$ cat coords-v2.txt   # compact mmCIF, N, CA and C atoms
# COMPACT_ATOMS: atom_id res chain seq x y z
N MET A 1 -24.41 8.12 24.05
CA MET A 1 -24.35 9.53 24.35
C MET A 1 -25.74 10.13 24.50
N ARG A 2 -26.77 9.50 23.91
CA ARG A 2 -28.13 10.02 24.01
C ARG A 2 -28.60 10.09 25.45
N LEU A 3 -28.22 9.09 26.24
CA LEU A 3 -28.66 9.06 27.63
C LEU A 3 -28.09 10.23 28.42
N SER A 4 -26.83 10.60 28.16
CA SER A 4 -26.24 11.72 28.88
C SER A 4 -26.96 13.02 28.54
N VAL A 5 -27.36 13.17 27.29
CA VAL A 5 -28.12 14.36 26.90
C VAL A 5 -29.47 14.37 27.60
N THR A 6 -30.10 13.20 27.71
CA THR A 6 -31.38 13.10 28.41
C THR A 6 -31.22 13.48 29.87
N ALA A 7 -30.17 12.95 30.52
CA ALA A 7 -29.93 13.27 31.93
C ALA A 7 -29.68 14.77 32.10
N LEU A 8 -28.96 15.35 31.18
CA LEU A 8 -28.69 16.78 31.23
C LEU A 8 -29.97 17.59 31.08
N LEU A 9 -30.83 17.20 30.15
CA LEU A 9 -32.09 17.92 29.95
C LEU A 9 -33.02 17.80 31.15
N VAL A 10 -33.07 16.62 31.74
CA VAL A 10 -33.89 16.43 32.94
C VAL A 10 -33.39 17.32 34.07
N THR A 11 -32.07 17.36 34.24
CA THR A 11 -31.50 18.20 35.29
C THR A 11 -31.81 19.67 35.04
N LEU A 12 -31.68 20.11 33.80
CA LEU A 12 -32.02 21.49 33.48
C LEU A 12 -33.49 21.79 33.77
N ALA A 13 -34.35 20.85 33.42
CA ALA A 13 -35.78 21.04 33.68
C ALA A 13 -36.05 21.15 35.18
N LEU A 14 -35.36 20.34 35.97
CA LEU A 14 -35.57 20.38 37.42
C LEU A 14 -35.03 21.68 38.02
N CYS A 15 -33.97 22.20 37.45
CA CYS A 15 -33.35 23.40 38.00
C CYS A 15 -34.08 24.68 37.60
N TYR A 16 -34.63 24.73 36.43
CA TYR A 16 -35.18 25.97 35.92
C TYR A 16 -36.70 25.96 35.80
N TYR A 17 -37.36 25.46 36.84
CA TYR A 17 -38.81 25.51 36.85
C TYR A 17 -39.25 26.79 37.54
N GLU A 18 -40.54 27.08 37.51
CA GLU A 18 -41.07 28.35 38.01
C GLU A 18 -40.85 28.58 39.50
N ALA A 19 -41.08 27.57 40.32
CA ALA A 19 -40.97 27.75 41.76
C ALA A 19 -39.52 27.91 42.19
N ASN A 20 -39.30 28.65 43.26
CA ASN A 20 -37.96 28.81 43.79
C ASN A 20 -37.73 27.80 44.90
N ALA A 21 -36.72 26.98 44.74
CA ALA A 21 -36.38 25.99 45.75
C ALA A 21 -34.92 25.60 45.58
N VAL A 22 -34.26 25.37 46.68
CA VAL A 22 -32.87 24.96 46.64
C VAL A 22 -32.82 23.50 46.21
N VAL A 23 -31.87 23.17 45.32
CA VAL A 23 -31.75 21.80 44.83
C VAL A 23 -31.50 20.87 46.01
N CYS A 24 -32.26 19.82 46.04
CA CYS A 24 -32.21 18.88 47.14
C CYS A 24 -30.88 18.12 47.16
N PRO A 25 -30.20 18.08 48.30
CA PRO A 25 -28.96 17.32 48.39
C PRO A 25 -29.17 15.83 48.10
N THR A 26 -30.36 15.33 48.37
CA THR A 26 -30.66 13.93 48.09
C THR A 26 -30.61 13.67 46.59
N PHE A 27 -31.05 14.64 45.80
CA PHE A 27 -30.99 14.50 44.34
C PHE A 27 -29.54 14.38 43.87
N ALA A 28 -28.67 15.22 44.40
CA ALA A 28 -27.26 15.17 44.03
C ALA A 28 -26.64 13.83 44.45
N LEU A 29 -26.98 13.35 45.63
CA LEU A 29 -26.48 12.06 46.10
C LEU A 29 -27.00 10.93 45.21
N ASP A 30 -28.26 11.02 44.81
CA ASP A 30 -28.84 10.00 43.95
C ASP A 30 -28.11 9.95 42.60
N LEU A 31 -27.79 11.11 42.05
CA LEU A 31 -27.03 11.14 40.79
C LEU A 31 -25.67 10.47 40.96
N LYS A 32 -25.01 10.75 42.06
CA LYS A 32 -23.70 10.15 42.32
C LYS A 32 -23.83 8.63 42.44
N GLU A 33 -24.82 8.18 43.19
CA GLU A 33 -25.03 6.74 43.34
C GLU A 33 -25.39 6.10 42.00
N TYR A 34 -26.17 6.81 41.20
CA TYR A 34 -26.59 6.28 39.90
C TYR A 34 -25.38 6.01 39.00
N PHE A 35 -24.44 6.93 38.98
CA PHE A 35 -23.29 6.78 38.10
C PHE A 35 -22.19 5.89 38.65
N TYR A 36 -22.06 5.77 39.98
CA TYR A 36 -20.88 5.10 40.52
C TYR A 36 -21.16 3.89 41.41
N SER A 37 -22.37 3.69 41.86
CA SER A 37 -22.65 2.53 42.73
C SER A 37 -22.90 1.28 41.91
N PRO A 38 -22.47 0.13 42.44
CA PRO A 38 -22.82 -1.13 41.77
C PRO A 38 -24.34 -1.31 41.78
N ASP A 39 -24.85 -2.06 40.82
CA ASP A 39 -26.30 -2.24 40.68
C ASP A 39 -27.01 -2.68 41.95
N PRO A 40 -26.51 -3.71 42.67
CA PRO A 40 -27.25 -4.13 43.88
C PRO A 40 -27.36 -3.02 44.93
N LEU A 41 -26.29 -2.24 45.11
CA LEU A 41 -26.34 -1.14 46.09
C LEU A 41 -27.28 -0.03 45.63
N TYR A 42 -27.25 0.26 44.34
CA TYR A 42 -28.14 1.31 43.83
C TYR A 42 -29.60 0.89 43.96
N LYS A 43 -29.87 -0.37 43.68
CA LYS A 43 -31.24 -0.86 43.81
C LYS A 43 -31.72 -0.73 45.25
N LEU A 44 -30.83 -1.01 46.20
CA LEU A 44 -31.19 -0.82 47.62
C LEU A 44 -31.45 0.64 47.93
N SER A 45 -30.67 1.53 47.35
CA SER A 45 -30.85 2.96 47.62
C SER A 45 -32.18 3.48 47.06
N LEU A 46 -32.69 2.82 46.02
CA LEU A 46 -33.99 3.23 45.45
C LEU A 46 -35.15 2.90 46.38
N ALA A 47 -34.93 2.01 47.33
CA ALA A 47 -36.00 1.60 48.25
C ALA A 47 -36.55 2.79 49.03
N LYS A 48 -35.74 3.82 49.25
CA LYS A 48 -36.19 4.98 50.03
C LYS A 48 -37.34 5.72 49.35
N TYR A 49 -37.51 5.51 48.03
CA TYR A 49 -38.57 6.19 47.30
C TYR A 49 -39.89 5.42 47.30
N ILE A 50 -39.86 4.19 47.78
CA ILE A 50 -41.04 3.34 47.82
C ILE A 50 -41.74 3.35 46.45
N ALA A 51 -40.96 3.16 45.41
CA ALA A 51 -41.48 3.18 44.04
C ALA A 51 -42.04 1.82 43.66
N PRO A 52 -42.95 1.79 42.71
CA PRO A 52 -43.47 0.50 42.22
C PRO A 52 -42.33 -0.34 41.64
N ARG A 53 -42.49 -1.63 41.72
CA ARG A 53 -41.48 -2.56 41.24
C ARG A 53 -41.13 -2.31 39.77
N GLU A 54 -42.14 -1.98 38.97
CA GLU A 54 -41.93 -1.72 37.55
C GLU A 54 -41.04 -0.50 37.32
N ALA A 55 -41.24 0.54 38.15
CA ALA A 55 -40.43 1.75 38.03
C ALA A 55 -38.97 1.47 38.39
N VAL A 56 -38.77 0.70 39.43
CA VAL A 56 -37.40 0.34 39.84
C VAL A 56 -36.75 -0.50 38.74
N ALA A 57 -37.50 -1.43 38.18
CA ALA A 57 -36.95 -2.26 37.10
C ALA A 57 -36.57 -1.40 35.89
N ALA A 58 -37.40 -0.42 35.57
CA ALA A 58 -37.10 0.47 34.44
C ALA A 58 -35.85 1.30 34.72
N LYS A 59 -35.73 1.81 35.93
CA LYS A 59 -34.56 2.61 36.31
C LYS A 59 -33.29 1.76 36.23
N MET A 60 -33.40 0.51 36.68
CA MET A 60 -32.24 -0.39 36.64
C MET A 60 -31.88 -0.74 35.20
N GLN A 61 -32.87 -0.81 34.34
CA GLN A 61 -32.61 -1.09 32.92
C GLN A 61 -31.82 0.07 32.30
N VAL A 62 -32.21 1.29 32.63
CA VAL A 62 -31.49 2.46 32.11
C VAL A 62 -30.09 2.50 32.70
N LYS A 63 -29.96 2.13 33.98
CA LYS A 63 -28.64 2.12 34.62
C LYS A 63 -27.71 1.13 33.92
N GLN A 64 -28.26 0.02 33.41
CA GLN A 64 -27.44 -0.94 32.67
C GLN A 64 -26.78 -0.25 31.47
N CYS A 65 -27.50 0.65 30.86
CA CYS A 65 -26.96 1.39 29.71
C CYS A 65 -25.84 2.32 30.16
N THR A 66 -26.06 3.07 31.24
CA THR A 66 -25.03 4.00 31.70
C THR A 66 -23.84 3.26 32.29
N ASN A 67 -24.03 2.03 32.74
CA ASN A 67 -22.90 1.25 33.24
C ASN A 67 -21.86 1.02 32.14
N GLU A 68 -22.29 1.11 30.89
CA GLU A 68 -21.37 0.90 29.77
C GLU A 68 -20.54 2.14 29.45
N PHE A 69 -20.86 3.27 30.05
CA PHE A 69 -20.05 4.48 29.86
C PHE A 69 -18.67 4.26 30.47
N SER A 70 -17.66 4.81 29.86
CA SER A 70 -16.33 4.73 30.44
C SER A 70 -16.28 5.60 31.70
N VAL A 71 -15.34 5.32 32.56
CA VAL A 71 -15.19 6.11 33.79
C VAL A 71 -14.92 7.57 33.43
N GLN A 72 -14.15 7.78 32.39
CA GLN A 72 -13.84 9.15 31.96
C GLN A 72 -15.11 9.88 31.55
N ASN A 73 -15.98 9.22 30.79
CA ASN A 73 -17.24 9.86 30.38
C ASN A 73 -18.15 10.11 31.58
N ARG A 74 -18.16 9.20 32.53
CA ARG A 74 -18.98 9.41 33.73
C ARG A 74 -18.48 10.63 34.50
N LEU A 75 -17.17 10.77 34.58
CA LEU A 75 -16.60 11.93 35.28
C LEU A 75 -16.98 13.23 34.57
N VAL A 76 -16.93 13.23 33.26
CA VAL A 76 -17.30 14.43 32.49
C VAL A 76 -18.77 14.77 32.75
N ILE A 77 -19.63 13.76 32.68
CA ILE A 77 -21.07 13.99 32.88
C ILE A 77 -21.35 14.50 34.29
N THR A 78 -20.75 13.87 35.30
CA THR A 78 -21.02 14.31 36.67
C THR A 78 -20.43 15.69 36.94
N LYS A 79 -19.32 16.02 36.30
CA LYS A 79 -18.75 17.36 36.46
C LYS A 79 -19.71 18.41 35.89
N ILE A 80 -20.27 18.13 34.72
CA ILE A 80 -21.24 19.06 34.11
C ILE A 80 -22.49 19.17 34.98
N LEU A 81 -23.01 18.03 35.43
CA LEU A 81 -24.20 18.06 36.28
C LEU A 81 -23.92 18.80 37.59
N GLY A 82 -22.71 18.63 38.13
CA GLY A 82 -22.33 19.36 39.34
C GLY A 82 -22.35 20.86 39.13
N LYS A 83 -21.83 21.31 37.99
CA LYS A 83 -21.85 22.75 37.68
C LYS A 83 -23.28 23.26 37.55
N ILE A 84 -24.13 22.46 36.92
CA ILE A 84 -25.53 22.87 36.77
C ILE A 84 -26.21 22.96 38.12
N LEU A 85 -25.98 21.97 38.98
CA LEU A 85 -26.60 21.98 40.31
C LEU A 85 -26.13 23.18 41.13
N VAL A 86 -24.84 23.49 41.05
CA VAL A 86 -24.31 24.65 41.79
C VAL A 86 -24.93 25.92 41.26
N ASN A 87 -25.00 26.05 39.95
CA ASN A 87 -25.58 27.24 39.34
C ASN A 87 -27.06 27.36 39.68
N CYS A 88 -27.79 26.26 39.61
CA CYS A 88 -29.22 26.29 39.95
C CYS A 88 -29.43 26.66 41.40
N THR A 89 -28.63 26.07 42.28
CA THR A 89 -28.75 26.35 43.71
C THR A 89 -28.45 27.82 43.99
N ALA A 90 -27.39 28.35 43.37
CA ALA A 90 -27.04 29.75 43.59
C ALA A 90 -28.16 30.66 43.11
N THR A 91 -28.73 30.36 41.96
CA THR A 91 -29.83 31.16 41.42
C THR A 91 -31.06 31.06 42.33
N ASP A 92 -31.37 29.85 42.79
CA ASP A 92 -32.54 29.66 43.65
C ASP A 92 -32.37 30.36 44.99
N VAL A 93 -31.16 30.29 45.58
CA VAL A 93 -30.91 30.95 46.86
C VAL A 93 -31.02 32.46 46.69
N LYS A 94 -30.48 32.98 45.60
CA LYS A 94 -30.57 34.42 45.34
C LYS A 94 -32.04 34.83 45.24
N GLY A 95 -32.85 34.01 44.56
CA GLY A 95 -34.28 34.29 44.43
C GLY A 95 -35.00 34.25 45.77
N LEU A 96 -34.58 33.33 46.64
CA LEU A 96 -35.21 33.25 47.96
C LEU A 96 -34.84 34.43 48.82
N LEU A 97 -33.59 34.89 48.72
CA LEU A 97 -33.13 36.01 49.53
C LEU A 97 -33.65 37.34 49.01
N ASP A 98 -33.80 37.45 47.70
CA ASP A 98 -34.25 38.70 47.09
C ASP A 98 -35.32 38.39 46.04
N PRO A 99 -36.58 38.22 46.46
CA PRO A 99 -37.65 37.85 45.53
C PRO A 99 -37.86 38.84 44.40
N SER A 100 -37.40 40.07 44.54
CA SER A 100 -37.58 41.07 43.48
C SER A 100 -36.55 40.88 42.36
N ALA A 101 -35.53 40.03 42.60
CA ALA A 101 -34.47 39.84 41.57
C ALA A 101 -34.94 39.00 40.44
$ encode --input "coords-v2.txt" --output "structure tokens"
Amino acid sequence: MRLSVTALLVTLALCYYEANAVVCPTFALDLKEYFYSPDPLYKLSLAKYIAPREAVAAKMQVKQCTNEFSVQNRLVITKILGKILVNCTATDVKGLLDPSA
């Protein structure tokens, strides 16, 4: 359960930083792939970031841990993250449209 709390905190940090920006759809897709794609496919999807081999290995190590989550727990986590992303995006769009808000 510690990992889900970590993922939630990272998402909150990304959503509530000082700059106004709409949450990147690639980030949402990456979260989906992280929780539901088999390891070989997810590793291929990480290639788009051109990350060092050590970083990819570390990410895959963490994914091994989340692979042990039940499907029900993954659904709960992604539902919560989805709500956060929608809320962050709505807040960011409002800020872009009305900077005085």
$ atom_distance --input "coords-v2.txt" --atom1 "CA of Tyr36 (chain A)" --atom2 "CA of Thr78 (chain A)"
10.0 Å
$ closest_residue --input "coords-v2.txt" --among "A:Pro40, A:Ala51, A:Phe35, A:Leu81" --to "Asn67 (chain A)" --atoms "all atoms listed in the file"
A:Phe35
$ atom_distance --input "coords-v2.txt" --atom1 "CA of Lys43 (chain A)" --atom2 "atom C of Pro25 (chain A)"
17.4 Å
$ atom_distance --input "coords-v2.txt" --atom1 "atom N of Ser45 (chain A)" --atom2 "CA of Cys65 (chain A)"
18.0 Å
$ closest_residue --input "coords-v2.txt" --among "A:Val86, A:Leu41, A:Val76, A:Ala28" --to "Met60 (chain A)" --atoms "only C-alpha atoms"
A:Leu41
$ decode --input "coords-v2.txt" --residues "region 30-87 of chain A" --atoms "C-alpha atoms" --output "mmCIF file, in the first residue's frame"
data_model
loop_
_atom_site.group_PDB
_atom_site.id
_atom_site.type_symbol
_atom_site.label_atom_id
_atom_site.label_comp_id
_atom_site.auth_asym_id
_atom_site.auth_seq_id
_atom_site.Cartn_x
_atom_site.Cartn_y
_atom_site.Cartn_z
ATOM 1 C CA ASP A 30 1.790 6.404 -18.981
ATOM 2 C CA LEU A 31 -0.057 5.808 -15.701
ATOM 3 C CA LYS A 32 -2.497 3.512 -17.476
ATOM 4 C CA GLU A 33 0.317 1.583 -19.146
ATOM 5 C CA TYR A 34 2.187 1.383 -15.836
ATOM 6 C CA PHE A 35 -0.709 -0.281 -14.042
ATOM 7 C CA TYR A 36 -2.100 -2.488 -16.815
ATOM 8 C CA SER A 37 0.543 -3.273 -19.464
ATOM 9 C CA PRO A 38 2.681 -6.395 -19.271
ATOM 10 C CA ASP A 39 6.305 -5.680 -18.354
ATOM 11 C CA PRO A 40 7.810 -6.152 -21.857
ATOM 12 C CA LEU A 41 5.281 -3.745 -23.424
ATOM 13 C CA TYR A 42 5.735 -1.186 -20.672
ATOM 14 C CA LYS A 43 9.503 -1.350 -21.027
ATOM 15 C CA LEU A 44 9.097 -0.635 -24.747
ATOM 16 C CA SER A 45 6.835 2.324 -23.980
ATOM 17 C CA LEU A 46 9.550 3.799 -21.728
ATOM 18 C CA ALA A 47 11.856 4.029 -24.755
ATOM 19 C CA LYS A 48 10.097 7.263 -25.796
ATOM 20 C CA TYR A 49 11.735 9.013 -22.825
ATOM 21 C CA ILE A 50 15.268 8.053 -23.873
ATOM 22 C CA ALA A 51 16.061 7.453 -20.191
ATOM 23 C CA PRO A 52 19.317 5.945 -18.923
ATOM 24 C CA ARG A 53 19.309 2.171 -18.634
ATOM 25 C CA GLU A 54 19.587 2.417 -14.838
ATOM 26 C CA ALA A 55 16.461 4.595 -14.625
ATOM 27 C CA VAL A 56 14.466 2.160 -16.762
ATOM 28 C CA ALA A 57 15.682 -0.742 -14.624
ATOM 29 C CA ALA A 58 14.627 1.103 -11.459
ATOM 30 C CA LYS A 59 11.189 1.881 -12.900
ATOM 31 C CA MET A 60 10.751 -1.759 -13.892
ATOM 32 C CA GLN A 61 11.762 -2.838 -10.392
ATOM 33 C CA VAL A 62 9.044 -0.641 -8.896
ATOM 34 C CA LYS A 63 6.569 -1.965 -11.476
ATOM 35 C CA GLN A 64 7.325 -5.492 -10.226
ATOM 36 C CA CYS A 65 5.969 -4.368 -6.867
ATOM 37 C CA THR A 66 2.790 -2.862 -8.315
ATOM 38 C CA ASN A 67 2.279 -5.976 -10.435
ATOM 39 C CA GLU A 68 1.479 -7.717 -7.146
ATOM 40 C CA PHE A 69 -1.524 -5.432 -6.526
ATOM 41 C CA SER A 70 -4.864 -7.082 -7.128
ATOM 42 C CA VAL A 71 -6.847 -5.913 -10.149
ATOM 43 C CA GLN A 72 -9.416 -4.457 -7.762
ATOM 44 C CA ASN A 73 -6.753 -2.366 -5.997
ATOM 45 C CA ARG A 74 -5.345 -1.192 -9.327
ATOM 46 C CA LEU A 75 -8.819 -0.078 -10.374
ATOM 47 C CA VAL A 76 -9.273 1.846 -7.117
ATOM 48 C CA ILE A 77 -5.885 3.549 -7.504
ATOM 49 C CA THR A 78 -6.434 4.495 -11.148
ATOM 50 C CA LYS A 79 -9.930 5.780 -10.361
ATOM 51 C CA ILE A 80 -8.490 8.062 -7.657
ATOM 52 C CA LEU A 81 -5.648 9.206 -9.927
ATOM 53 C CA GLY A 82 -8.196 9.867 -12.693
ATOM 54 C CA LYS A 83 -10.217 12.110 -10.383
ATOM 55 C CA ILE A 84 -7.072 13.978 -9.381
ATOM 56 C CA LEU A 85 -6.026 14.471 -13.009
ATOM 57 C CA VAL A 86 -9.485 15.749 -13.961
ATOM 58 C CA ASN A 87 -9.540 18.109 -10.999
#
